[in-house]
file protein.cif (mmCIF, N, CA and C atoms)
data_work
loop_
_atom_site.label_atom_id
_atom_site.label_comp_id
_atom_site.auth_asym_id
_atom_site.auth_seq_id
_atom_site.Cartn_x
_atom_site.Cartn_y
_atom_site.Cartn_z
N MET G 1 139.05 86.38 130.33
CA MET G 1 138.42 87.68 130.43
C MET G 1 136.95 87.56 130.00
N VAL G 2 136.08 88.09 130.79
CA VAL G 2 134.65 88.00 130.55
C VAL G 2 134.20 89.22 129.74
N MET G 3 133.43 88.95 128.68
CA MET G 3 132.90 90.04 127.85
C MET G 3 131.73 90.70 128.59
N PRO G 4 131.70 92.02 128.61
CA PRO G 4 130.58 92.71 129.27
C PRO G 4 129.30 92.55 128.45
N HIS G 5 128.19 92.48 129.14
CA HIS G 5 126.90 92.37 128.48
C HIS G 5 126.36 93.76 128.18
N ILE G 6 125.87 93.94 126.97
CA ILE G 6 125.29 95.23 126.59
C ILE G 6 123.78 95.11 126.73
N GLY G 7 123.24 95.90 127.63
CA GLY G 7 121.81 95.86 127.89
C GLY G 7 121.09 97.01 127.21
N LEU G 8 119.83 97.15 127.51
CA LEU G 8 119.00 98.19 126.92
C LEU G 8 119.50 99.60 127.27
N PRO G 9 119.87 99.88 128.51
CA PRO G 9 120.35 101.24 128.82
C PRO G 9 121.61 101.61 128.03
N GLU G 10 122.51 100.67 127.85
CA GLU G 10 123.73 100.94 127.09
C GLU G 10 123.41 101.20 125.63
N LEU G 11 122.49 100.42 125.06
CA LEU G 11 122.10 100.62 123.66
C LEU G 11 121.45 101.99 123.45
N VAL G 12 120.64 102.41 124.40
CA VAL G 12 119.99 103.73 124.30
C VAL G 12 121.05 104.83 124.33
N ILE G 13 122.04 104.70 125.20
CA ILE G 13 123.11 105.70 125.28
C ILE G 13 123.89 105.74 123.97
N ILE G 14 124.19 104.57 123.40
CA ILE G 14 124.92 104.51 122.12
C ILE G 14 124.11 105.17 121.02
N LEU G 15 122.81 104.91 120.96
CA LEU G 15 121.96 105.52 119.93
C LEU G 15 121.88 107.03 120.08
N VAL G 16 121.81 107.53 121.31
CA VAL G 16 121.77 108.97 121.54
C VAL G 16 123.07 109.62 121.08
N VAL G 17 124.20 108.99 121.39
CA VAL G 17 125.49 109.52 120.96
C VAL G 17 125.58 109.54 119.44
N ILE G 18 125.10 108.50 118.79
CA ILE G 18 125.10 108.46 117.32
C ILE G 18 124.23 109.57 116.75
N LEU G 19 123.06 109.78 117.33
CA LEU G 19 122.18 110.86 116.86
C LEU G 19 122.84 112.22 117.03
N ILE G 20 123.51 112.43 118.14
CA ILE G 20 124.18 113.71 118.36
C ILE G 20 125.33 113.88 117.38
N PHE G 21 126.09 112.83 117.19
CA PHE G 21 127.27 112.91 116.33
C PHE G 21 126.91 113.10 114.86
N PHE G 22 126.01 112.29 114.32
CA PHE G 22 125.66 112.33 112.90
C PHE G 22 124.49 113.25 112.60
N GLY G 23 123.60 113.43 113.53
CA GLY G 23 122.40 114.23 113.27
C GLY G 23 121.32 113.39 112.61
N VAL G 24 120.10 113.88 112.72
CA VAL G 24 118.95 113.15 112.19
C VAL G 24 118.99 113.09 110.67
N GLY G 25 119.48 114.12 110.02
CA GLY G 25 119.49 114.18 108.56
C GLY G 25 120.43 113.17 107.92
N LYS G 26 121.55 112.90 108.56
CA LYS G 26 122.54 111.98 108.00
C LYS G 26 122.30 110.53 108.39
N LEU G 27 121.41 110.30 109.32
CA LEU G 27 121.19 108.95 109.83
C LEU G 27 120.79 107.94 108.74
N PRO G 28 119.88 108.28 107.82
CA PRO G 28 119.55 107.30 106.75
C PRO G 28 120.75 106.98 105.86
N GLN G 29 121.61 107.97 105.60
CA GLN G 29 122.80 107.73 104.79
C GLN G 29 123.77 106.80 105.49
N VAL G 30 123.94 107.03 106.80
CA VAL G 30 124.83 106.18 107.58
C VAL G 30 124.28 104.76 107.64
N GLY G 31 123.00 104.62 107.84
CA GLY G 31 122.37 103.29 107.88
C GLY G 31 122.52 102.57 106.55
N GLY G 32 122.34 103.31 105.46
CA GLY G 32 122.49 102.70 104.13
C GLY G 32 123.91 102.25 103.88
N ALA G 33 124.88 103.05 104.30
CA ALA G 33 126.28 102.68 104.11
C ALA G 33 126.64 101.44 104.93
N ILE G 34 126.13 101.38 106.15
CA ILE G 34 126.39 100.20 106.98
C ILE G 34 125.74 98.97 106.37
N GLY G 35 124.52 99.12 105.86
CA GLY G 35 123.83 98.00 105.21
C GLY G 35 124.57 97.50 103.99
N LYS G 36 125.07 98.42 103.16
CA LYS G 36 125.84 98.01 101.98
C LYS G 36 127.12 97.29 102.37
N GLY G 37 127.75 97.78 103.43
CA GLY G 37 128.97 97.13 103.90
C GLY G 37 128.71 95.73 104.39
N LEU G 38 127.61 95.55 105.12
CA LEU G 38 127.27 94.21 105.62
C LEU G 38 126.93 93.27 104.47
N ARG G 39 126.20 93.79 103.46
CA ARG G 39 125.87 92.94 102.30
C ARG G 39 127.13 92.52 101.55
N ALA G 40 128.06 93.46 101.39
CA ALA G 40 129.31 93.15 100.70
C ALA G 40 130.12 92.12 101.49
N PHE G 41 130.11 92.25 102.81
CA PHE G 41 130.83 91.30 103.66
C PHE G 41 130.23 89.91 103.53
N ARG G 42 128.91 89.82 103.58
CA ARG G 42 128.24 88.51 103.46
C ARG G 42 128.48 87.91 102.08
N LYS G 43 128.45 88.76 101.07
CA LYS G 43 128.69 88.28 99.71
C LYS G 43 130.11 87.76 99.57
N ALA G 44 131.06 88.45 100.20
CA ALA G 44 132.45 88.00 100.15
C ALA G 44 132.63 86.68 100.89
N GLN G 45 131.89 86.49 101.97
CA GLN G 45 131.96 85.23 102.69
C GLN G 45 131.45 84.08 101.84
N ARG G 46 130.40 84.33 101.07
CA ARG G 46 129.83 83.29 100.20
C ARG G 46 130.52 83.24 98.86
N GLY G 47 131.47 84.12 98.61
CA GLY G 47 132.13 84.23 97.31
C GLY G 47 132.78 82.95 96.84
N GLU G 48 133.40 82.21 97.75
CA GLU G 48 134.05 80.98 97.35
C GLU G 48 133.03 79.97 96.83
N ASP G 49 131.88 79.88 97.47
CA ASP G 49 130.85 78.95 97.04
C ASP G 49 130.33 79.35 95.66
N GLU G 50 130.12 80.65 95.44
CA GLU G 50 129.60 81.13 94.16
C GLU G 50 130.60 80.89 93.04
N GLU G 51 131.91 81.09 93.34
CA GLU G 51 132.92 80.87 92.31
C GLU G 51 132.96 79.41 91.89
N GLU G 52 132.80 78.50 92.85
CA GLU G 52 132.80 77.08 92.52
C GLU G 52 131.59 76.72 91.68
N GLU G 53 130.43 77.34 91.97
CA GLU G 53 129.23 77.07 91.20
C GLU G 53 129.36 77.62 89.79
N GLU G 54 130.01 78.79 89.63
CA GLU G 54 130.14 79.41 88.32
C GLU G 54 131.05 78.61 87.40
N LYS G 55 131.97 77.84 87.95
CA LYS G 55 132.87 77.05 87.12
C LYS G 55 132.10 76.03 86.29
N GLY G 56 131.00 75.54 86.83
CA GLY G 56 130.20 74.54 86.14
C GLY G 56 129.18 75.13 85.19
N LYS G 57 128.91 76.42 85.27
CA LYS G 57 127.90 77.06 84.42
C LYS G 57 128.43 77.27 83.01
N PRO G 58 127.58 77.11 82.00
CA PRO G 58 128.01 77.39 80.62
C PRO G 58 128.21 78.89 80.43
N LYS G 59 129.16 79.23 79.60
CA LYS G 59 129.46 80.63 79.35
C LYS G 59 128.54 81.19 78.28
N THR G 60 128.32 82.51 78.33
CA THR G 60 127.55 83.17 77.29
C THR G 60 128.44 83.38 76.07
N LYS G 61 127.86 83.81 74.97
CA LYS G 61 128.64 84.05 73.75
C LYS G 61 129.74 85.07 73.97
N ALA G 62 129.40 86.15 74.69
CA ALA G 62 130.37 87.21 74.90
C ALA G 62 131.55 86.71 75.74
N THR G 63 131.26 85.97 76.80
CA THR G 63 132.36 85.49 77.63
C THR G 63 133.16 84.40 76.92
N LYS G 64 132.51 83.63 76.04
CA LYS G 64 133.25 82.64 75.27
C LYS G 64 134.24 83.32 74.34
N LYS G 65 133.78 84.41 73.69
CA LYS G 65 134.65 85.14 72.76
C LYS G 65 135.82 85.76 73.51
N ILE G 66 135.55 86.31 74.68
CA ILE G 66 136.62 86.90 75.48
C ILE G 66 137.60 85.83 75.92
N ALA G 67 137.08 84.68 76.32
CA ALA G 67 137.94 83.59 76.77
C ALA G 67 138.78 83.05 75.62
N GLU G 68 138.22 83.06 74.41
CA GLU G 68 138.95 82.57 73.25
C GLU G 68 139.89 83.63 72.69
N GLY G 69 139.79 84.87 73.16
CA GLY G 69 140.68 85.93 72.72
C GLY G 69 140.17 86.68 71.49
N GLU G 70 138.93 86.46 71.10
CA GLU G 70 138.38 87.14 69.94
C GLU G 70 137.82 88.49 70.36
N THR G 71 138.26 89.54 69.73
CA THR G 71 137.77 90.89 70.03
C THR G 71 137.32 91.55 68.74
N LYS G 72 136.72 92.72 68.85
CA LYS G 72 136.27 93.46 67.68
C LYS G 72 137.45 93.85 66.79
N GLU G 73 138.58 94.16 67.40
CA GLU G 73 139.75 94.56 66.63
C GLU G 73 140.29 93.42 65.78
N GLU G 74 140.20 92.19 66.28
CA GLU G 74 140.70 91.03 65.54
C GLU G 74 139.82 90.71 64.36
N LYS G 75 138.53 91.07 64.41
CA LYS G 75 137.61 90.78 63.32
C LYS G 75 137.88 91.67 62.11
N LYS G 76 138.46 92.87 62.33
CA LYS G 76 138.68 93.82 61.23
C LYS G 76 139.76 93.39 60.30
#

call {"tool": "encode", "arguments": {"input": "protein.cif", "output": "structure tokens"}}
result
Amino acid sequence: MVMPHIGLPELVIILVVILIFFGVGKLPQVGGAIGKGLRAFRKAQRGEDEEEEEKGKPKTKATKKIAEGETKEEKK
């Protein structure tokens, strides 16, 4: 099955429908939400690489205490 090509006329029609559906006032909010979603998706794709890098990083004092099980309640 051959995928149809989306040309300039089709993109213009899609943009007009989006403008009618959401309105000009909501368009920046919709764009921001789509951008955040794309950033989260990309971050999730790279998540495995970041987790592997974090394993080699030294922990801060707070994370060391949490990892060792020391809390404020235990100090009392």

call {"tool": "axis_aligned_box", "arguments": {"input": "protein.cif", "around": "range 29-45 of chain G", "padding_each_side": "5 Å", "output": "AutoDock Vina command-line options"}}
result
--center_x 127.1 --center_y 96.0 --center_z 103.7 --size_x 21.0 --size_y 33.9 --size_z 18.3

call {"tool": "atom_distance", "arguments": {"input": "protein.cif", "atom1": "CA of Gly32 in chain G", "atom2": "CA of Leu19 in chain G"}}
result
15.1 Å

call {"tool": "atom_distance", "arguments": {"input": "protein.cif", "atom1": "atom C of Leu27 in chain G", "atom2": "atom C of Leu15 in chain G"}}
result
11.4 Å
